[in-house]
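Structure data (mmCIF, C-alpha atoms) from my_file.cif:
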data_data
#
loop_
_atom_site.group_PDB
_atom_site.id
_atom_site.type_symbol
_atom_site.label_atom_id
_atom_site.label_comp_id
_atom_site.auth_asym_id
_atom_site.auth_seq_id
_atom_site.Cartn_x
_atom_site.Cartn_y
_atom_site.Cartn_z
ATOM 1 C CA GLY P 1 107.864 109.624 109.362
ATOM 2 C CA GLU P 2 104.958 111.487 107.863
ATOM 3 C CA ASN P 3 101.411 110.188 108.313
ATOM 4 C CA VAL P 4 98.532 111.544 106.233
ATOM 5 C CA GLU P 5 94.906 110.852 107.064
ATOM 6 C CA GLN P 6 92.127 111.593 104.603
ATOM 7 C CA HIS P 7 88.360 111.876 105.137
ATOM 8 C CA PRO P 8 85.835 110.859 104.051
ATOM 9 C CA SER P 9 86.742 107.601 102.339
ATOM 10 C CA THR P 10 83.654 107.862 100.118
ATOM 11 C CA LEU P 11 81.603 110.882 99.139
ATOM 12 C CA SER P 12 78.410 110.964 97.115
ATOM 13 C CA VAL P 13 77.119 114.309 95.899
ATOM 14 C CA GLN P 14 74.407 115.537 93.579
ATOM 15 C CA GLU P 15 75.556 117.129 90.355
ATOM 16 C CA GLY P 16 75.995 120.845 90.890
ATOM 17 C CA ASP P 17 76.661 120.546 94.621
ATOM 18 C CA SER P 18 80.041 121.077 96.275
ATOM 19 C CA ALA P 19 82.420 118.400 97.534
ATOM 20 C CA VAL P 20 84.954 118.827 100.320
ATOM 21 C CA ILE P 21 87.752 116.418 101.195
ATOM 22 C CA LYS P 22 89.927 116.928 104.268
ATOM 23 C CA CYS P 23 93.422 115.732 105.110
ATOM 24 C CA THR P 24 95.597 115.995 108.181
ATOM 25 C CA TYR P 25 99.330 115.420 108.354
ATOM 26 C CA SER P 26 101.726 114.781 111.194
ATOM 27 C CA ASP P 27 105.112 116.159 110.140
ATOM 28 C CA SER P 28 105.321 119.912 110.693
ATOM 29 C CA ALA P 29 108.285 119.990 108.289
ATOM 30 C CA SER P 30 106.055 119.091 105.308
ATOM 31 C CA ASN P 31 105.903 122.013 102.930
ATOM 32 C CA TYR P 32 104.215 120.722 99.766
ATOM 33 C CA PHE P 33 100.635 119.463 99.496
ATOM 34 C CA PRO P 34 99.436 118.143 96.117
ATOM 35 C CA TRP P 35 96.085 116.617 95.228
ATOM 36 C CA TYR P 36 95.745 113.855 92.645
ATOM 37 C CA LYS P 37 92.725 112.557 90.777
ATOM 38 C CA GLN P 38 92.718 108.935 89.681
ATOM 39 C CA GLU P 39 90.067 107.587 87.371
ATOM 40 C CA LEU P 40 89.448 103.856 87.226
ATOM 41 C CA GLY P 41 92.352 102.071 85.585
ATOM 42 C CA LYS P 42 94.258 105.295 84.969
ATOM 43 C CA ARG P 43 97.338 106.938 86.412
ATOM 44 C CA PRO P 44 97.066 109.584 89.178
ATOM 45 C CA GLN P 45 96.898 113.078 87.704
ATOM 46 C CA LEU P 46 97.871 116.213 89.603
ATOM 47 C CA ILE P 47 94.918 118.587 89.793
ATOM 48 C CA ILE P 48 96.168 121.250 92.187
ATOM 49 C CA ASP P 49 98.921 121.761 94.723
ATOM 50 C CA ILE P 50 99.797 124.243 97.438
ATOM 51 C CA ARG P 51 103.004 125.154 99.174
ATOM 52 C CA SER P 52 103.376 126.026 102.817
ATOM 53 C CA ASN P 53 103.843 129.735 102.230
ATOM 54 C CA VAL P 54 100.319 130.005 100.770
ATOM 55 C CA GLY P 55 97.008 129.588 102.599
ATOM 56 C CA GLU P 56 94.676 129.141 99.671
ATOM 57 C CA LYS P 57 94.855 128.440 95.953
ATOM 58 C CA LYS P 58 92.103 128.259 93.372
ATOM 59 C CA ASP P 59 91.901 126.919 89.835
ATOM 60 C CA GLN P 60 88.482 127.264 88.222
ATOM 61 C CA ARG P 61 86.125 124.928 90.129
ATOM 62 C CA ILE P 62 88.727 123.507 92.482
ATOM 63 C CA ALA P 63 90.412 125.135 95.444
ATOM 64 C CA VAL P 64 92.715 124.021 98.205
ATOM 65 C CA THR P 65 93.159 125.544 101.644
ATOM 66 C CA LEU P 66 96.014 124.942 104.055
ATOM 67 C CA ASN P 67 96.163 125.506 107.801
ATOM 68 C CA LYS P 68 99.768 124.886 108.849
ATOM 69 C CA THR P 69 99.084 125.549 112.508
ATOM 70 C CA ALA P 70 96.441 122.839 112.661
ATOM 71 C CA LYS P 71 98.284 120.688 110.099
ATOM 72 C CA HIS P 72 95.342 120.154 107.849
ATOM 73 C CA PHE P 73 94.430 120.968 104.269
ATOM 74 C CA SER P 74 91.281 120.579 102.231
ATOM 75 C CA LEU P 75 90.132 120.212 98.640
ATOM 76 C CA HIS P 76 86.968 121.984 97.540
ATOM 77 C CA ILE P 77 85.205 121.177 94.283
ATOM 78 C CA THR P 78 82.309 123.455 93.362
ATOM 79 C CA GLU P 79 79.545 122.863 90.823
ATOM 80 C CA THR P 80 80.407 119.184 90.608
ATOM 81 C CA GLN P 81 79.934 117.384 87.307
ATOM 82 C CA PRO P 82 79.724 113.650 86.519
ATOM 83 C CA GLU P 83 83.268 113.751 85.141
ATOM 84 C CA ASP P 84 84.488 114.705 88.624
ATOM 85 C CA SER P 85 83.684 111.139 89.718
ATOM 86 C CA ALA P 86 87.021 109.529 90.612
ATOM 87 C CA VAL P 87 89.288 108.718 93.531
ATOM 88 C CA TYR P 88 91.093 111.735 94.961
ATOM 89 C CA PHE P 89 94.345 111.472 96.907
ATOM 90 C CA CYS P 90 95.958 114.134 99.051
ATOM 91 C CA ALA P 91 99.659 113.990 99.790
ATOM 92 C CA ALA P 92 102.158 115.782 101.982
ATOM 93 C CA GLY P 93 105.827 116.156 101.182
ATOM 94 C CA THR P 94 109.106 117.457 102.425
ATOM 95 C CA GLY P 95 112.208 117.457 100.304
ATOM 96 C CA ASN P 96 111.398 115.174 97.408
ATOM 97 C CA LYS P 97 109.232 112.543 99.095
ATOM 98 C CA LEU P 98 105.429 112.321 99.116
ATOM 99 C CA THR P 99 103.233 110.491 101.614
ATOM 100 C CA PHE P 100 99.715 109.842 100.349
ATOM 101 C CA GLY P 101 96.412 109.818 102.167
ATOM 102 C CA GLY P 102 94.104 106.840 101.919
ATOM 103 C CA GLY P 103 91.981 108.312 99.130
ATOM 104 C CA THR P 104 88.387 109.490 98.739
ATOM 105 C CA ARG P 105 86.062 107.906 96.234
ATOM 106 C CA VAL P 106 83.808 110.657 94.894
ATOM 107 C CA LEU P 107 80.599 109.828 93.072
ATOM 108 C CA VAL P 108 78.692 112.641 91.394
ATOM 109 C CA LYS P 109 75.107 111.643 90.728
ATOM 110 C CA PRO P 110 73.432 113.246 87.717
ATOM 111 C CA SER C 1 105.128 118.069 82.072
ATOM 112 C CA ALA C 2 107.048 115.035 80.852
ATOM 113 C CA VAL C 3 105.356 111.874 79.621
ATOM 114 C CA ILE C 4 106.154 108.582 81.321
ATOM 115 C CA SER C 5 105.672 105.144 79.822
ATOM 116 C CA GLN C 6 105.975 101.767 81.505
ATOM 117 C CA LYS C 7 106.503 98.275 80.197
ATOM 118 C CA PRO C 8 104.857 95.838 80.546
ATOM 119 C CA SER C 9 101.408 97.267 81.183
ATOM 120 C CA ARG C 10 100.367 94.022 82.845
ATOM 121 C CA ASP C 11 101.685 90.552 83.457
ATOM 122 C CA ILE C 12 100.689 87.289 85.090
ATOM 123 C CA CYS C 13 103.596 85.479 86.707
ATOM 124 C CA GLN C 14 104.236 82.284 88.604
ATOM 125 C CA ARG C 15 105.378 82.406 92.187
ATOM 126 C CA GLY C 16 109.127 82.213 92.670
ATOM 127 C CA THR C 17 109.892 84.027 89.429
ATOM 128 C CA SER C 18 111.035 87.634 88.911
ATOM 129 C CA LEU C 19 109.686 90.450 86.753
ATOM 130 C CA THR C 20 111.474 93.595 85.643
ATOM 131 C CA ILE C 21 109.387 96.697 84.982
ATOM 132 C CA GLN C 22 110.769 99.467 82.807
ATOM 133 C CA CYS C 23 110.023 103.159 83.177
ATOM 134 C CA GLN C 24 110.891 105.622 80.422
ATOM 135 C CA VAL C 25 110.516 109.417 80.574
ATOM 136 C CA ASP C 26 110.492 111.512 77.427
ATOM 137 C CA SER C 27 112.703 114.175 79.007
ATOM 138 C CA GLN C 28 115.294 114.353 81.746
ATOM 139 C CA VAL C 29 113.977 114.350 85.285
ATOM 140 C CA THR C 30 115.800 115.028 88.509
ATOM 141 C CA MET C 31 114.041 112.446 90.632
ATOM 142 C CA MET C 32 112.353 109.130 89.875
ATOM 143 C CA PHE C 33 110.288 107.070 92.298
ATOM 144 C CA TRP C 34 108.621 103.682 92.449
ATOM 145 C CA TYR C 35 105.272 103.156 94.157
ATOM 146 C CA ARG C 36 103.010 100.207 94.848
ATOM 147 C CA GLN C 37 99.229 100.501 94.758
ATOM 148 C CA GLN C 38 97.052 97.612 95.858
ATOM 149 C CA PRO C 39 93.688 97.579 94.035
ATOM 150 C CA GLY C 40 91.390 100.130 95.620
ATOM 151 C CA GLN C 41 94.117 101.363 97.944
ATOM 152 C CA SER C 42 96.475 104.299 98.240
ATOM 153 C CA LEU C 43 99.992 104.688 96.883
ATOM 154 C CA THR C 44 102.928 103.480 98.953
ATOM 155 C CA LEU C 45 106.432 104.639 98.127
ATOM 156 C CA ILE C 46 108.836 101.750 97.584
ATOM 157 C CA ALA C 47 112.027 103.663 96.858
ATOM 158 C CA THR C 48 113.685 106.645 95.257
ATOM 159 C CA ALA C 49 115.718 105.681 92.191
ATOM 160 C CA ASN C 50 119.030 107.527 92.284
ATOM 161 C CA GLN C 51 121.003 107.996 89.124
ATOM 162 C CA GLY C 52 124.389 106.329 89.332
ATOM 163 C CA SER C 53 123.982 105.073 92.895
ATOM 164 C CA GLU C 54 121.929 102.685 94.975
ATOM 165 C CA ALA C 55 118.237 103.406 95.406
ATOM 166 C CA THR C 56 116.905 104.737 98.704
ATOM 167 C CA TYR C 57 114.336 102.315 100.121
ATOM 168 C CA GLU C 58 111.427 103.070 102.403
ATOM 169 C CA SER C 59 110.710 101.130 105.545
ATOM 170 C CA GLY C 60 109.443 97.660 104.733
ATOM 171 C CA PHE C 61 111.106 97.451 101.320
ATOM 172 C CA VAL C 62 114.550 95.942 100.696
ATOM 173 C CA ILE C 63 116.953 95.870 97.813
ATOM 174 C CA ASP C 64 117.055 92.079 97.577
ATOM 175 C CA LYS C 65 113.309 91.971 96.952
ATOM 176 C CA PHE C 66 113.000 95.109 94.828
ATOM 177 C CA PRO C 67 116.294 95.844 93.066
ATOM 178 C CA ILE C 68 116.188 99.140 91.195
ATOM 179 C CA SER C 69 118.400 100.562 88.499
ATOM 180 C CA ARG C 70 118.645 104.083 87.125
ATOM 181 C CA PRO C 71 121.396 104.308 84.535
ATOM 182 C CA ASN C 72 120.485 107.804 83.300
ATOM 183 C CA LEU C 73 118.075 110.705 83.817
ATOM 184 C CA THR C 74 115.254 109.259 81.687
ATOM 185 C CA PHE C 75 115.126 105.535 82.523
ATOM 186 C CA SER C 76 114.679 103.266 85.517
ATOM 187 C CA THR C 77 113.807 99.648 86.192
ATOM 188 C CA LEU C 78 112.204 97.911 89.152
ATOM 189 C CA THR C 79 112.532 94.158 89.586
ATOM 190 C CA VAL C 80 110.106 92.247 91.761
ATOM 191 C CA SER C 81 112.112 89.195 92.847
ATOM 192 C CA ASN C 82 111.052 85.750 94.018
ATOM 193 C CA MET C 83 107.411 86.731 93.674
ATOM 194 C CA SER C 84 104.566 85.521 95.846
ATOM 195 C CA PRO C 85 100.813 86.191 95.513
ATOM 196 C CA GLU C 86 101.217 89.020 98.063
ATOM 197 C CA ASP C 87 103.223 90.913 95.429
ATOM 198 C CA SER C 88 100.141 91.160 93.215
ATOM 199 C CA SER C 89 99.629 94.886 92.839
ATOM 200 C CA ILE C 90 99.973 97.858 90.526
ATOM 201 C CA TYR C 91 103.476 99.253 90.333
ATOM 202 C CA LEU C 92 103.832 102.890 89.319
ATOM 203 C CA CYS C 93 106.867 104.955 88.557
ATOM 204 C CA SER C 94 106.916 108.713 88.814
ATOM 205 C CA GLY C 95 109.255 111.494 87.872
ATOM 206 C CA GLU C 96 109.903 114.973 89.146
ATOM 207 C CA SER C 97 111.731 117.656 87.282
ATOM 208 C CA GLY C 98 113.436 120.756 88.542
ATOM 209 C CA GLY C 99 115.868 121.272 91.337
ATOM 210 C CA GLY C 100 115.750 123.055 94.632
ATOM 211 C CA SER C 101 112.194 123.435 95.855
ATOM 212 C CA TYR C 102 109.646 120.692 95.518
ATOM 213 C CA ASN C 103 108.095 120.211 92.110
ATOM 214 C CA GLU C 104 105.249 118.298 90.565
ATOM 215 C CA GLN C 105 105.435 114.514 90.428
ATOM 216 C CA PHE C 106 103.849 112.953 87.376
ATOM 217 C CA PHE C 107 103.084 109.273 87.072
ATOM 218 C CA GLY C 108 103.427 106.488 84.574
ATOM 219 C CA PRO C 109 100.370 104.409 83.643
ATOM 220 C CA GLY C 110 101.323 101.590 85.991
ATOM 221 C CA THR C 111 102.099 97.894 85.613
ATOM 222 C CA ARG C 112 99.423 95.530 86.855
ATOM 223 C CA LEU C 113 101.093 92.412 88.255
ATOM 224 C CA THR C 114 99.262 89.229 89.151
ATOM 225 C CA VAL C 115 101.204 86.432 90.838
ATOM 226 C CA LEU C 116 99.685 82.962 90.809
#
Output the file's structure in the form of structure tokens.
Amino acid sequence: GENVEQHPSTLSVQEGDSAVIKCTYSDSASNYFPWYKQELGKRPQLIIDIRSNVGEKKDQRIAVTLNKTAKHFSLHITETQPEDSAVYFCAAGTGNKLTFGGGTRVLVKP
Amino acid sequence: SAVISQKPSRDICQRGTSLTIQCQVDSQVTMMFWYRQQPGQSLTLIATANQGSEATYESGFVIDKFPISRPNLTFSTLTVSNMSPEDSSIYLCSGESGGGSYNEQFFGPGTRLTVL
């Protein structure tokens, strides 16, 4: 089955700097790659997703890139703010099933 | 996107007992899923809840331990049977609407289970 690895496990950045989280996946059939943000004690919330026919997608301060050949995708957050502090999960899916990465705890220091 | 609610939000149970978690969506969804999330860990898919038929379980999860029902397109239940302390976790349901190509999964708030 699919295996998704996510790095780093923790990331501390200064407010205003950029944050980058990287994920690799194993199943070349995966065609959907969402990113979720989970604040402490809350449910995971979808923040951006990308499908395999697209290489890059941007939504305000967040962007995702996908390299299908290398089987990796990344989340970029620019101009980080304290409210970006949370755990971020990548996932890879085929059909209707998602496999999640291990998560990245992001701390934005004011 | 649809709104998902879960009941109970948390519970403390004795080992050997069973707990049924309810998941309600405010609109019809094509797919519903159940996940487990250990504190500070990632999400692990338990099973896909199929309407009108048996759930599809992932490796390591069995129907006798985690029976699932899905009587219609807006409701599902997960039972954690014969609980042990290792079952202490957060259980989340999710729903996905739309057919054909893959669509967004949105999550319920979770049920925090502690087994003593």
- Message: Could you check the closest approach to Asp49 (chain P) for each of P:Ala91, P:Cys23, P:Asn67, P:Ser85 and tell me which residue wins, using only C-alpha atoms?
- Response: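 Closest to Asp49 (chain P) of all the choices is P:Ala91.
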Contact table chain P vs chain C, cut-off 8 Å, shortest pair per residue, only C-alpha atoms, as JSON lines:
{"residue": "P:Tyr32", "atom": "CA", "partner": "C:Tyr102", "partner_atom": "CA", "distance": 6.9}
{"residue": "P:Lys42", "atom": "CA", "partner": "C:Pro109", "partner_atom": "CA", "distance": 6.3}
{"residue": "P:Arg43", "atom": "CA", "partner": "C:Pro109", "partner_atom": "CA", "distance": 4.8}
{"residue": "P:Pro44", "atom": "CA", "partner": "C:Phe107", "partner_atom": "CA", "distance": 6.4}
{"residue": "P:Gln45", "atom": "CA", "partner": "C:Phe106", "partner_atom": "CA", "distance": 7.0}
{"residue": "P:Leu46", "atom": "CA", "partner": "C:Phe106", "partner_atom": "CA", "distance": 7.2}
{"residue": "P:Phe89", "atom": "CA", "partner": "C:Ser42", "partner_atom": "CA", "distance": 7.6}
{"residue": "P:Thr94", "atom": "CA", "partner": "C:Tyr102", "partner_atom": "CA", "distance": 7.6}
{"residue": "P:Gly95", "atom": "CA", "partner": "C:Tyr102", "partner_atom": "CA", "distance": 6.3}
{"residue": "P:Asn96", "atom": "CA", "partner": "C:Tyr102", "partner_atom": "CA", "distance": 6.1}
{"residue": "P:Leu98", "atom": "CA", "partner": "C:Leu45", "partner_atom": "CA", "distance": 7.8}
{"residue": "P:Thr99", "atom": "CA", "partner": "C:Thr44", "partner_atom": "CA", "distance": 7.5}
{"residue": "P:Phe100", "atom": "CA", "partner": "C:Leu43", "partner_atom": "CA", "distance": 6.2}
{"residue": "P:Gly101", "atom": "CA", "partner": "C:Ser42", "partner_atom": "CA", "distance": 6.8}
{"residue": "P:Gly102", "atom": "CA", "partner": "C:Ser42", "partner_atom": "CA", "distance": 5.1}
{"residue": "P:Gly103", "atom": "CA", "partner": "C:Ser42", "partner_atom": "CA", "distance": 6.1}
- Task: Name the residues that the PyMOL selection byres ((chain P and resi 3-17) around 12) picks from the file above, as a ChimeraX atom specification, using the file's chain letters and numbers.
- Result: /P:1-2,18-30,33,35,61,71-93,98-110 /C:40-44
- Message: Between CA of Met83 (chain C) and CA of Tyr35 (chain C), what is the distance in Å, rounded to a tenth?
- Response: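 One can read the CA of Met83 (chain C) to CA of Tyr35 (chain C) distance as 16.6 Å.
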May I have the centre and edge lengths, in Å to one decimal, of an axis-aligned box around the listed atoms of region 10-18 of chain C with 6 Å added to every side, as AutoDock Vina command-line options?
--center_x 105.7 --center_y 88.1 --center_z 87.8 --size_x 22.7 --size_y 23.8 --size_z 21.8
- Message: If we draw a sphere of 12 Å around (109.3, 95.8, 101.0), which residues have at least one atom in it when counting only C-alpha atoms? Please report them as a list of chain:residue names.
- Response: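 Checking each residue against the 12 Å limit leaves C:Trp34, C:Tyr35, C:Arg36, C:Thr44, C:Leu45, C:Ile46, C:Ala47, C:Thr56, C:Tyr57, C:Glu58, C:Ser59, C:Gly60, C:Phe61, C:Val62, C:Ile63, C:Asp64, C:Lys65, C:Phe66, C:Pro67, C:Thr79, C:Val80, C:Ser81, C:Met83, C:Glu86, C:Asp87.
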- Task: Just give me the gap between CA of Asp11 (chain C) and CA of Ser88 (chain C) in Å, one decimal is fine.
- Result: 9.9 Å
- Task: Could you check how far CA of Arg15 (chain C) sits from CA of Ser69 (chain C), in Å to one decimal?
- Result: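 Between these atoms lies a distance of 22.6 Å.
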- Message: Within 12 Å of (112.6, 94.8, 83.7) (file coordinates; only C-alpha atoms), which protein or nucleic acid residues are there? I'd like them as a list in words.
- Response: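 Taken together, the residues in range are Gln6, Lys7, Pro8, Ser9, Asp11, Ser18, Leu19, Thr20, Ile21, Gln22, Cys23, Gln24, Phe66, Pro67, Ile68, Ser69, Arg70, Phe75, Ser76, Thr77, Leu78, Thr79, Val80, Ser81 and Thr111 of chain C.
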- Item | Proximity to Leu113 (chain C) - best of C:Ser97, C:Gln28, C:Ser84, C:Ser53, all atoms listed in the file | C:Ser84
Start from the incomplete input, build N, CA and C atoms for region 39-67 of chain C, and deliver everything as an mmCIF file, in the frame of the given file.
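Result went into rebuild.cif, see below:
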data_model
loop_
_atom_site.group_PDB
_atom_site.id
_atom_site.type_symbol
_atom_site.label_atom_id
_atom_site.label_comp_id
_atom_site.auth_asym_id
_atom_site.auth_seq_id
_atom_site.Cartn_x
_atom_site.Cartn_y
_atom_site.Cartn_z
ATOM 1 N N PRO C 39 94.979 97.187 94.618
ATOM 2 C CA PRO C 39 93.688 97.579 94.035
ATOM 3 C C PRO C 39 92.784 98.241 95.067
ATOM 4 N N GLY C 40 92.291 99.415 94.730
ATOM 5 C CA GLY C 40 91.390 100.130 95.620
ATOM 6 C C GLY C 40 92.070 100.794 96.803
ATOM 7 N N GLN C 41 93.393 100.795 96.804
ATOM 8 C CA GLN C 41 94.117 101.363 97.944
ATOM 9 C C GLN C 41 94.937 102.583 97.518
ATOM 10 N N SER C 42 95.659 103.120 98.486
ATOM 11 C CA SER C 42 96.475 104.299 98.240
ATOM 12 C C SER C 42 97.838 103.907 97.660
ATOM 13 N N LEU C 43 98.654 104.905 97.428
ATOM 14 C CA LEU C 43 99.992 104.688 96.883
ATOM 15 C C LEU C 43 100.999 104.621 98.026
ATOM 16 N N THR C 44 101.877 103.643 97.961
ATOM 17 C CA THR C 44 102.928 103.480 98.953
ATOM 18 C C THR C 44 104.280 103.571 98.255
ATOM 19 N N LEU C 45 105.126 104.458 98.739
ATOM 20 C CA LEU C 45 106.432 104.639 98.127
ATOM 21 C C LEU C 45 107.333 103.457 98.450
ATOM 22 N N ILE C 46 107.888 102.851 97.407
ATOM 23 C CA ILE C 46 108.836 101.750 97.584
ATOM 24 C C ILE C 46 110.243 102.308 97.770
ATOM 25 N N ALA C 47 110.656 103.160 96.821
ATOM 26 C CA ALA C 47 112.027 103.663 96.858
ATOM 27 C C ALA C 47 112.182 104.841 95.914
ATOM 28 N N THR C 48 113.237 105.593 96.156
ATOM 29 C CA THR C 48 113.685 106.645 95.257
ATOM 30 C C THR C 48 114.814 106.082 94.416
ATOM 31 N N ALA C 49 114.687 106.187 93.101
ATOM 32 C CA ALA C 49 115.718 105.681 92.191
ATOM 33 C C ALA C 49 116.749 106.773 91.964
ATOM 34 N N ASN C 50 117.968 106.535 92.378
ATOM 35 C CA ASN C 50 119.030 107.527 92.284
ATOM 36 C C ASN C 50 119.919 107.210 91.087
ATOM 37 N N GLN C 51 120.177 108.226 90.298
ATOM 38 C CA GLN C 51 121.003 107.996 89.124
ATOM 39 C C GLN C 51 122.444 107.748 89.529
ATOM 40 N N GLY C 52 122.987 106.631 89.100
ATOM 41 C CA GLY C 52 124.389 106.329 89.332
ATOM 42 C C GLY C 52 124.717 105.834 90.718
ATOM 43 N N SER C 53 123.719 105.610 91.551
ATOM 44 C CA SER C 53 123.982 105.073 92.895
ATOM 45 C C SER C 53 122.806 104.221 93.336
ATOM 46 N N GLU C 54 122.961 103.596 94.476
ATOM 47 C CA GLU C 54 121.929 102.685 94.975
ATOM 48 C C GLU C 54 120.655 103.446 95.311
ATOM 49 N N ALA C 55 119.522 102.794 95.088
ATOM 50 C CA ALA C 55 118.237 103.406 95.406
ATOM 51 C C ALA C 55 118.082 103.566 96.913
ATOM 52 N N THR C 56 117.222 104.500 97.291
ATOM 53 C CA THR C 56 116.905 104.737 98.704
ATOM 54 C C THR C 56 115.556 104.111 98.994
ATOM 55 N N TYR C 57 115.544 103.087 99.856
ATOM 56 C CA TYR C 57 114.336 102.315 100.121
ATOM 57 C C TYR C 57 113.596 102.822 101.347
ATOM 58 N N GLU C 58 112.266 102.722 101.270
ATOM 59 C CA GLU C 58 111.427 103.070 102.403
ATOM 60 C C GLU C 58 111.327 101.877 103.346
ATOM 61 N N SER C 59 110.861 102.174 104.540
ATOM 62 C CA SER C 59 110.710 101.130 105.545
ATOM 63 C C SER C 59 109.792 100.027 105.027
ATOM 64 N N GLY C 60 110.233 98.797 105.175
ATOM 65 C CA GLY C 60 109.443 97.660 104.733
ATOM 66 C C GLY C 60 109.804 97.155 103.354
ATOM 67 N N PHE C 61 110.678 97.851 102.666
ATOM 68 C CA PHE C 61 111.106 97.451 101.320
ATOM 69 C C PHE C 61 112.623 97.304 101.303
ATOM 70 N N VAL C 62 113.118 96.217 100.698
ATOM 71 C CA VAL C 62 114.550 95.942 100.696
ATOM 72 C C VAL C 62 115.054 95.704 99.290
ATOM 73 N N ILE C 63 116.339 95.948 99.129
ATOM 74 C CA ILE C 63 116.953 95.870 97.813
ATOM 75 C C ILE C 63 116.921 94.456 97.243
ATOM 76 N N ASP C 64 117.050 93.444 98.084
ATOM 77 C CA ASP C 64 117.055 92.079 97.577
ATOM 78 C C ASP C 64 115.721 91.701 96.944
ATOM 79 N N LYS C 65 114.643 92.268 97.456
ATOM 80 C CA LYS C 65 113.309 91.971 96.952
ATOM 81 C C LYS C 65 112.944 92.871 95.768
ATOM 82 N N PHE C 66 113.362 94.124 95.851
ATOM 83 C CA PHE C 66 113.000 95.109 94.828
ATOM 84 C C PHE C 66 114.241 95.832 94.302
ATOM 85 N N PRO C 67 115.141 95.142 93.620
ATOM 86 C CA PRO C 67 116.294 95.844 93.066
ATOM 87 C C PRO C 67 115.874 96.873 92.016
#
